[in-house]
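final_26.cif (mmCIF, C-alpha atoms and all ligand atoms)
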data_model
loop_
_atom_site.group_PDB
_atom_site.id
_atom_site.type_symbol
_atom_site.label_atom_id
_atom_site.label_comp_id
_atom_site.auth_asym_id
_atom_site.auth_seq_id
_atom_site.Cartn_x
_atom_site.Cartn_y
_atom_site.Cartn_z
ATOM 1 C CA MET A 1 97.524 99.023 88.238
ATOM 2 C CA VAL A 2 94.423 100.709 89.664
ATOM 3 C CA LEU A 3 94.070 102.882 86.586
ATOM 4 C CA ALA A 4 94.602 99.915 84.278
ATOM 5 C CA GLY A 5 91.980 97.914 86.203
ATOM 6 C CA LEU A 6 89.494 100.755 85.885
ATOM 7 C CA LEU A 7 90.092 101.185 82.167
ATOM 8 C CA LEU A 8 89.771 97.459 81.606
ATOM 9 C CA SER A 9 86.538 97.243 83.574
ATOM 10 C CA ALA A 10 85.157 100.276 81.706
ATOM 11 C CA ALA A 11 85.642 98.356 78.483
ATOM 12 C CA VAL A 12 83.958 95.248 79.871
ATOM 13 C CA SER A 13 81.254 96.145 82.365
ATOM 14 C CA VAL A 14 79.636 99.343 83.598
ATOM 15 C CA THR A 15 78.516 97.539 86.761
ATOM 16 C CA TRP A 16 82.081 96.537 87.651
ATOM 17 C CA THR A 17 83.289 100.044 86.929
ATOM 18 C CA ASP A 18 80.620 101.527 89.208
ATOM 19 C CA ARG A 19 82.020 99.393 91.996
ATOM 20 C CA LEU A 20 85.692 99.911 91.191
ATOM 21 C CA VAL A 21 85.458 103.707 91.171
ATOM 22 C CA GLU A 22 84.634 103.389 94.849
ATOM 23 C CA ILE A 23 88.367 103.038 95.382
ATOM 24 C CA GLU A 24 88.268 106.810 95.760
ATOM 25 C CA PRO A 25 87.026 107.488 99.285
ATOM 26 C CA PHE A 26 85.865 111.076 98.818
ATOM 27 C CA LYS A 27 82.251 110.285 97.969
ATOM 28 C CA THR A 28 81.939 108.337 101.235
ATOM 29 C CA SER A 29 83.920 110.707 103.410
ATOM 30 C CA ILE A 30 83.120 114.152 102.020
ATOM 31 C CA THR A 31 79.909 113.904 99.990
ATOM 32 C CA LEU A 32 78.107 111.451 102.282
ATOM 33 C CA ASN A 33 79.849 112.230 105.590
ATOM 34 C CA PHE A 34 80.456 108.513 106.245
ATOM 35 C CA VAL A 35 76.687 107.829 106.280
ATOM 36 C CA ARG A 36 76.864 104.787 104.084
ATOM 37 C CA ALA A 37 77.011 100.980 104.087
ATOM 38 C CA TRP A 38 79.840 99.763 106.331
ATOM 39 C CA PRO A 39 82.199 98.382 103.612
ATOM 40 C CA PHE A 40 82.455 101.869 102.100
ATOM 41 C CA VAL A 41 83.026 103.409 105.512
ATOM 42 C CA VAL A 42 85.700 100.843 106.379
ATOM 43 C CA TRP A 43 87.492 101.566 103.114
ATOM 44 C CA ALA A 44 87.324 105.346 103.607
ATOM 45 C CA VAL A 45 88.668 105.024 107.159
ATOM 46 C CA ALA A 46 91.426 102.695 105.906
ATOM 47 C CA THR A 47 92.578 105.313 103.392
ATOM 48 C CA VAL A 48 92.599 107.967 106.119
ATOM 49 C CA LEU A 49 94.708 105.631 108.275
ATOM 50 C CA LEU A 50 97.034 104.953 105.357
ATOM 51 C CA SER A 51 97.573 108.668 104.907
ATOM 52 C CA SER A 52 98.317 109.120 108.597
ATOM 53 C CA PHE A 53 101.291 106.756 108.223
ATOM 54 C CA VAL A 54 102.321 107.510 104.636
ATOM 55 C CA TYR A 55 102.229 111.174 103.621
ATOM 56 C CA LYS A 56 99.358 111.543 101.133
ATOM 57 C CA GLY A 57 99.421 107.759 100.774
ATOM 58 C CA TYR A 58 96.146 107.537 98.873
ATOM 59 C CA CYS A 59 97.090 110.315 96.444
ATOM 60 C CA ARG A 60 100.537 108.891 95.801
ATOM 61 C CA TYR A 61 99.848 105.182 95.589
ATOM 62 C CA LEU A 62 96.171 104.522 94.901
ATOM 63 C CA CYS A 63 94.550 107.460 93.148
ATOM 64 C CA PRO A 64 93.704 106.553 89.527
ATOM 65 C CA LEU A 65 93.460 110.235 88.584
ATOM 66 C CA GLY A 66 96.982 110.764 89.905
ATOM 67 C CA ALA A 67 98.116 107.721 87.918
ATOM 68 C CA GLY A 68 96.588 109.224 84.782
ATOM 69 C CA MET A 69 98.369 112.495 85.420
ATOM 70 C CA GLY A 70 101.592 110.571 85.993
ATOM 71 C CA VAL A 71 101.193 108.904 82.603
ATOM 72 C CA LEU A 72 100.554 112.283 80.960
ATOM 73 C CA GLY A 73 103.610 113.597 82.793
ATOM 74 C CA LYS A 74 105.718 111.270 80.637
ATOM 75 C CA LEU A 75 105.027 113.709 77.817
ATOM 76 C CA ARG A 76 107.017 116.425 79.672
ATOM 77 C CA ARG A 77 109.466 117.987 77.223
ATOM 78 C CA TRP A 78 111.828 119.678 79.665
ATOM 79 C CA ASP A 79 112.856 119.663 83.341
ATOM 80 C CA TRP A 80 111.123 122.859 84.396
ATOM 81 C CA ILE A 81 112.208 122.914 88.064
ATOM 82 C CA ALA A 82 115.422 124.943 88.134
ATOM 83 C CA ARG A 83 118.418 123.549 90.001
ATOM 84 C CA ARG A 84 121.733 125.036 91.036
ATOM 85 C CA SER A 85 125.142 123.469 90.682
ATOM 86 C CA GLU A 86 125.198 123.187 94.502
ATOM 87 C CA CYS A 87 121.951 121.178 94.613
ATOM 88 C CA GLY A 88 122.838 117.775 95.988
ATOM 89 C CA GLN A 89 126.555 118.526 96.093
ATOM 90 C CA PRO A 90 126.761 119.577 98.813
ATOM 91 C CA CYS A 91 123.373 121.153 99.516
ATOM 92 C CA GLN A 92 120.586 118.823 100.611
ATOM 93 C CA ARG A 93 118.144 121.495 101.790
ATOM 94 C CA CYS A 94 115.471 120.939 99.159
ATOM 95 C CA ARG A 95 115.829 117.179 99.361
ATOM 96 C CA SER A 96 115.179 117.212 103.092
ATOM 97 C CA ASP A 97 112.269 119.648 102.708
ATOM 98 C CA CYS A 98 110.538 117.783 99.878
ATOM 99 C CA ALA A 99 107.656 115.975 101.590
ATOM 100 C CA TYR A 100 107.331 113.601 98.640
ATOM 101 C CA GLN A 101 110.958 112.429 98.617
ATOM 102 C CA ALA A 102 111.084 113.475 94.977
ATOM 103 C CA ILE A 103 114.648 114.817 95.061
ATOM 104 C CA ASP A 104 117.567 112.416 95.107
ATOM 105 C CA LYS A 105 120.971 112.777 96.752
ATOM 106 C CA ARG A 106 122.406 114.369 93.618
ATOM 107 C CA GLY A 107 119.746 117.088 93.828
ATOM 108 C CA THR A 108 117.896 115.795 90.772
ATOM 109 C CA VAL A 109 114.117 115.970 90.730
ATOM 110 C CA ASP A 110 112.310 112.703 90.071
ATOM 111 C CA TYR A 111 109.338 114.023 88.142
ATOM 112 C CA ASP A 112 107.457 110.743 88.522
ATOM 113 C CA GLU A 113 107.300 111.373 92.276
ATOM 114 C CA CYS A 114 107.068 115.169 92.165
ATOM 115 C CA PHE A 115 103.692 116.631 93.179
ATOM 116 C CA GLN A 116 104.669 120.031 91.854
ATOM 117 C CA CYS A 117 103.976 121.531 95.264
ATOM 118 C CA MET A 118 106.537 124.266 94.429
ATOM 119 C CA ASP A 119 108.226 124.126 97.844
ATOM 120 C CA CYS A 120 111.663 123.657 96.267
ATOM 121 C CA VAL A 121 110.921 126.392 93.729
ATOM 122 C CA VAL A 122 110.185 128.803 96.584
ATOM 123 C CA ILE A 123 113.435 127.811 98.308
ATOM 124 C CA TYR A 124 115.400 128.192 95.092
ATOM 125 C CA GLU A 125 114.105 131.716 94.536
ATOM 126 C CA ASN A 126 114.467 132.930 98.123
ATOM 127 C CA ASP A 127 117.793 134.370 99.265
ATOM 128 C CA SER A 128 116.910 133.706 102.898
ATOM 129 C CA LEU A 129 116.123 130.016 102.230
ATOM 130 C CA CYS A 130 118.474 128.833 99.506
ATOM 131 C CA VAL A 131 121.742 127.937 101.223
ATOM 132 C CA PRO A 132 124.286 129.256 98.675
ATOM 133 C CA LEU A 133 122.343 132.520 98.432
ATOM 134 C CA ILE A 134 122.331 132.846 102.221
ATOM 135 C CA LEU A 135 126.088 132.265 102.307
ATOM 136 C CA SER A 136 126.833 134.685 99.503
ATOM 137 C CA ASN A 137 124.712 137.356 101.227
ATOM 138 C CA ARG A 138 126.537 136.820 104.516
ATOM 139 C CA HIS A 139 129.986 136.900 102.977
ATOM 140 C CA PRO A 140 129.583 138.789 99.733
ATOM 141 C CA THR A 141 133.290 139.470 99.380
ATOM 142 C CA GLN A 142 134.521 136.019 100.372
ATOM 143 C CA ILE A 143 132.122 133.765 98.602
ATOM 144 C CA ARG A 144 131.651 134.030 94.904
ATOM 145 C CA VAL A 145 128.102 134.229 93.634
ATOM 146 C CA ILE A 146 127.507 130.821 92.164
ATOM 147 C CA PRO A 147 125.926 130.906 88.742
ATOM 148 C CA ILE A 148 122.444 129.555 88.502
ATOM 149 C CA GLN A 149 122.089 126.589 86.218
ATOM 150 C CA GLU A 150 119.801 127.100 83.320
ATOM 151 C CA VAL A 151 116.546 125.132 83.400
ATOM 152 C CA LYS A 152 117.259 121.995 81.436
HETATM 153 S S1 LIG A 201 118.591 125.244 98.999
HETATM 154 FE FE1 LIG A 201 119.231 126.050 96.987
HETATM 155 S S2 LIG A 201 121.209 125.018 96.538
HETATM 156 FE FE2 LIG A 201 120.217 123.905 98.231
HETATM 157 S S3 LIG A 201 119.131 122.213 97.201
HETATM 158 FE FE3 LIG A 201 117.664 123.937 97.410
HETATM 159 S S4 LIG A 201 117.837 125.142 95.492
HETATM 160 FE FE4 LIG A 201 119.598 123.740 95.621
HETATM 161 S S1 LIG A 202 107.958 120.682 93.545
HETATM 162 FE FE1 LIG A 202 107.471 119.847 95.591
HETATM 163 S S2 LIG A 202 107.261 117.629 95.244
HETATM 164 FE FE2 LIG A 202 108.315 118.455 93.464
HETATM 165 S S3 LIG A 202 110.489 118.181 93.910
HETATM 166 FE FE3 LIG A 202 109.914 120.268 94.553
HETATM 167 S S4 LIG A 202 109.413 120.067 96.742
HETATM 168 FE FE4 LIG A 202 109.384 118.002 95.859
#
Is it possible to give me this structure as structure tokens?
Amino acid sequence: MVLAGLLLSAAVSVTWTDRLVEIEPFKTSITLNFVRAWPFVVWAVATVLLSSFVYKGYCRYLCPLGAGMGVLGKLRRWDWIARRSECGQPCQRCRSDCAYQAIDKRGTVDYDECFQCMDCVVIYENDSLCVPLILSNRHPTQIRVIPIQEVK
């Protein structure tokens, strides 16, 4: 909605657009160090507060650039984050570690929510982090090495 509002205003009025782009708080907070008219400062502080309650709240729910990238992400041709057959059933390790709640109970990545932080990719590749790899290393003769699913 923010991105759509910005695009609409860009087609109608440069003045409106100049105001609407102030939804991003970085000019106020980083470029101007909060030395600015109070409405801008209040907005920047509000986004900081939002992000202290909702992890990366501004980036995930308000950022028009992120929205644009999300739209472009719809063009993704394949699911590039590799998953194992154990992901989700029973292993929930990556789901619980994903700070963006982008992995569901079945172990499937929701690419619309994924920030591509690579945390789950690191876990997947690491035999001291990925649960089935840990188990197969501990009991190499008792536990079969579970085949890795191909990237879809
Ligand atoms: S730890 Fe390994 S098996 Fe478990 S969810 Fe992550 S990648 Fe899948
Ligand atoms: S890459 Fe990061 S955000 Fe995406 S599913 Fe993996 S842990 Fe979650």
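Relative to atom CA of A:Val45, atom CA of A:Ser29 is found at 8.3 Å.
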Expected selection as a compact mmCIF listing (two decimals) with C-alpha atoms, keeping the file's coordinate frame for ligand LIG 202 (chain A) within 12 Å, only C-alpha atoms and all ligand atoms:
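Done, and the output landed in result.txt:
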# COMPACT_ATOMS: atom_id res chain seq x y z
CA TYR A 55 102.23 111.17 103.62
CA LYS A 56 99.36 111.54 101.13
CA ARG A 60 100.54 108.89 95.80
CA ASP A 79 112.86 119.66 83.34
CA TRP A 80 111.12 122.86 84.40
CA ILE A 81 112.21 122.91 88.06
CA ALA A 82 115.42 124.94 88.13
CA ARG A 83 118.42 123.55 90.00
CA CYS A 87 121.95 121.18 94.61
CA GLN A 92 120.59 118.82 100.61
CA ARG A 93 118.14 121.50 101.79
CA CYS A 94 115.47 120.94 99.16
CA ARG A 95 115.83 117.18 99.36
CA SER A 96 115.18 117.21 103.09
CA ASP A 97 112.27 119.65 102.71
CA CYS A 98 110.54 117.78 99.88
CA ALA A 99 107.66 115.98 101.59
CA TYR A 100 107.33 113.60 98.64
CA GLN A 101 110.96 112.43 98.62
CA ALA A 102 111.08 113.48 94.98
CA ILE A 103 114.65 114.82 95.06
CA ASP A 104 117.57 112.42 95.11
CA GLY A 107 119.75 117.09 93.83
CA THR A 108 117.90 115.80 90.77
CA VAL A 109 114.12 115.97 90.73
CA ASP A 110 112.31 112.70 90.07
CA TYR A 111 109.34 114.02 88.14
CA ASP A 112 107.46 110.74 88.52
CA GLU A 113 107.30 111.37 92.28
CA CYS A 114 107.07 115.17 92.16
CA PHE A 115 103.69 116.63 93.18
CA GLN A 116 104.67 120.03 91.85
CA CYS A 117 103.98 121.53 95.26
CA MET A 118 106.54 124.27 94.43
CA ASP A 119 108.23 124.13 97.84
CA CYS A 120 111.66 123.66 96.27
CA VAL A 121 110.92 126.39 93.73
CA VAL A 122 110.18 128.80 96.58
CA ILE A 123 113.44 127.81 98.31
CA TYR A 124 115.40 128.19 95.09
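Of the residues listed (A:Leu50, A:Leu135, A:Val71, A:Ala44), A:Ala44 shows the shortest atom-to-atom separation from A:Pro25; distances use all atoms listed in the file.
Among the candidate residues A:Ser136, A:Val41, A:Met1, A:Val14, the one lying nearest to A:Lys27 is A:Val41, with distances computed using only C-alpha atoms.
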Exercise for review: Would you mind reading off the distance between atom CA of A:Gly88 and atom CA of A:Val131, one decimal, in Å?
Suggested key: 11.5 Å
Review point. A:Thr47, A:Gly66, A:Ala4, A:Glu86: which is nearest A:Cys130, counting all atoms listed in the file?
Key: A:Glu86
Please write out, as AutoDock Vina command-line options, where the centre of an axis-aligned box around all listed atoms of ligand LIG 201 (chain A) lies and how long its edges are, in Å to one decimal, after adding 8 Å on each side.
--center_x 119.4 --center_y 124.1 --center_z 97.2 --size_x 19.5 --size_y 19.8 --size_z 19.5
Check your understanding: Hey, can you check how far atom FE3 of ligand LIG 201 (chain A) sits from atom CA of A:Val54?
Key -> 23.6 Å
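Residues in contact with A:Val2 at up to 8 Å, not including ones fewer than 4 positions away on its chain and judged by all atoms listed in the file, are A:Leu6, A:Leu62, A:Cys63, A:Pro64.
Residue nearest ligand LIG 201 (chain A), chosen from A:Leu72, A:Ile30, A:Leu65, A:Cys91 and counting only C-alpha atoms and all ligand atoms: A:Cys91.
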Revision key, fill the gap. Counting all atoms listed in the file, the residue among A:Leu3, A:Asn137, A:Arg84, A:Gln89 that lies closest to ligand LIG 201 (chain A) is A:Arg84
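Take the candidates A:His139, A:Phe34, A:Thr28, A:Pro132 and check each one against ligand LIG 201 (chain A) using all atoms listed in the file; the shortest distance goes to A:Pro132.
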Will you model all heavy atoms for stretch 13-24 of chain A and pass it back as a tab-separated table (two decimals), keeping the file's coordinate frame?
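Saved file part-v5.tsv follows:
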chain	number	residue	atom	x	y	z
A	13	SER	N	82.51	96.14	81.60
A	13	SER	CA	81.25	96.14	82.36
A	13	SER	C	81.07	97.47	83.12
A	13	SER	O	81.92	97.85	83.92
A	13	SER	CB	81.27	94.98	83.37
A	13	SER	OG	80.31	95.18	84.36
A	14	VAL	N	79.96	98.10	82.88
A	14	VAL	CA	79.64	99.34	83.60
A	14	VAL	C	79.40	99.04	85.08
A	14	VAL	O	79.80	99.82	85.96
A	14	VAL	CB	78.38	100.00	82.98
A	14	VAL	CG1	77.92	101.19	83.81
A	14	VAL	CG2	78.65	100.42	81.55
A	15	THR	N	78.80	97.90	85.36
A	15	THR	CA	78.52	97.54	86.76
A	15	THR	C	79.82	97.39	87.55
A	15	THR	O	79.94	97.90	88.66
A	15	THR	CB	77.74	96.20	86.82
A	15	THR	OG1	76.67	96.28	85.89
A	15	THR	CG2	77.21	95.93	88.21
A	16	TRP	N	80.79	96.69	86.97
A	16	TRP	CA	82.08	96.54	87.65
A	16	TRP	C	82.72	97.91	87.87
A	16	TRP	O	83.28	98.20	88.93
A	16	TRP	CB	83.04	95.71	86.79
A	16	TRP	CG	82.73	94.26	86.72
A	16	TRP	CD1	81.63	93.61	87.24
A	16	TRP	CD2	83.51	93.25	86.06
A	16	TRP	NE1	81.68	92.28	86.94
A	16	TRP	CE2	82.83	92.03	86.22
A	16	TRP	CE3	84.70	93.28	85.35
A	16	TRP	CZ2	83.33	90.84	85.68
A	16	TRP	CZ3	85.20	92.10	84.84
A	16	TRP	CH2	84.52	90.89	85.01
A	17	THR	N	82.65	98.73	86.83
A	17	THR	CA	83.29	100.04	86.93
A	17	THR	C	82.65	100.87	88.03
A	17	THR	O	83.34	101.55	88.79
A	17	THR	CB	83.19	100.79	85.58
A	17	THR	OG1	83.64	99.93	84.55
A	17	THR	CG2	84.05	102.04	85.58
A	18	ASP	N	81.31	100.80	88.14
A	18	ASP	CA	80.62	101.53	89.21
A	18	ASP	C	81.14	101.12	90.58
A	18	ASP	O	81.21	101.94	91.49
A	18	ASP	CB	79.11	101.25	89.14
A	18	ASP	CG	78.43	102.19	88.18
A	18	ASP	OD1	79.09	103.15	87.73
A	18	ASP	OD2	77.24	101.96	87.88
A	19	ARG	N	81.48	99.86	90.72
A	19	ARG	CA	82.02	99.39	92.00
A	19	ARG	C	83.48	99.80	92.16
A	19	ARG	O	83.90	100.26	93.22
A	19	ARG	CB	81.89	97.86	92.09
A	19	ARG	CG	80.51	97.41	92.49
A	19	ARG	CD	80.26	97.70	93.97
A	19	ARG	NE	78.87	97.52	94.34
A	19	ARG	CZ	78.04	98.51	94.66
A	19	ARG	NH1	78.45	99.76	94.62
A	19	ARG	NH2	76.80	98.26	95.02
A	20	LEU	N	84.25	99.64	91.08
A	20	LEU	CA	85.69	99.91	91.19
A	20	LEU	C	86.00	101.39	91.46
A	20	LEU	O	86.98	101.70	92.12
A	20	LEU	CB	86.41	99.45	89.91
A	20	LEU	CG	86.69	97.95	89.83
A	20	LEU	CD1	87.29	97.59	88.47
A	20	LEU	CD2	87.64	97.50	90.93
A	21	VAL	N	85.16	102.28	90.94
A	21	VAL	CA	85.46	103.71	91.17
A	21	VAL	C	85.33	104.06	92.66
A	21	VAL	O	85.80	105.12	93.08
A	21	VAL	CB	84.56	104.65	90.34
A	21	VAL	CG1	84.84	104.51	88.86
A	21	VAL	CG2	83.09	104.45	90.65
A	22	GLU	N	84.74	103.15	93.40
A	22	GLU	CA	84.63	103.39	94.85
A	22	GLU	C	85.98	103.29	95.54
A	22	GLU	O	86.08	103.49	96.75
A	22	GLU	CB	83.64	102.42	95.49
A	22	GLU	CG	82.21	102.62	95.04
A	22	GLU	CD	81.61	103.93	95.54
A	22	GLU	OE1	82.19	104.55	96.44
A	22	GLU	OE2	80.55	104.31	95.01
A	23	ILE	N	87.03	103.00	94.78
A	23	ILE	CA	88.37	103.04	95.38
A	23	ILE	C	88.66	104.44	95.88
A	23	ILE	O	89.44	104.64	96.81
A	23	ILE	CB	89.45	102.56	94.40
A	23	ILE	CG1	90.75	102.29	95.16
A	23	ILE	CG2	89.67	103.56	93.26
A	23	ILE	CD1	91.74	101.46	94.42
A	24	GLU	N	88.08	105.45	95.23
A	24	GLU	CA	88.27	106.81	95.76
A	24	GLU	C	87.30	107.02	96.93
A	24	GLU	O	86.12	106.73	96.81
A	24	GLU	CB	88.14	107.87	94.66
A	24	GLU	CG	86.76	108.04	94.06
A	24	GLU	CD	85.90	108.99	94.85
A	24	GLU	OE1	86.43	109.67	95.73
A	24	GLU	OE2	84.69	109.00	94.61
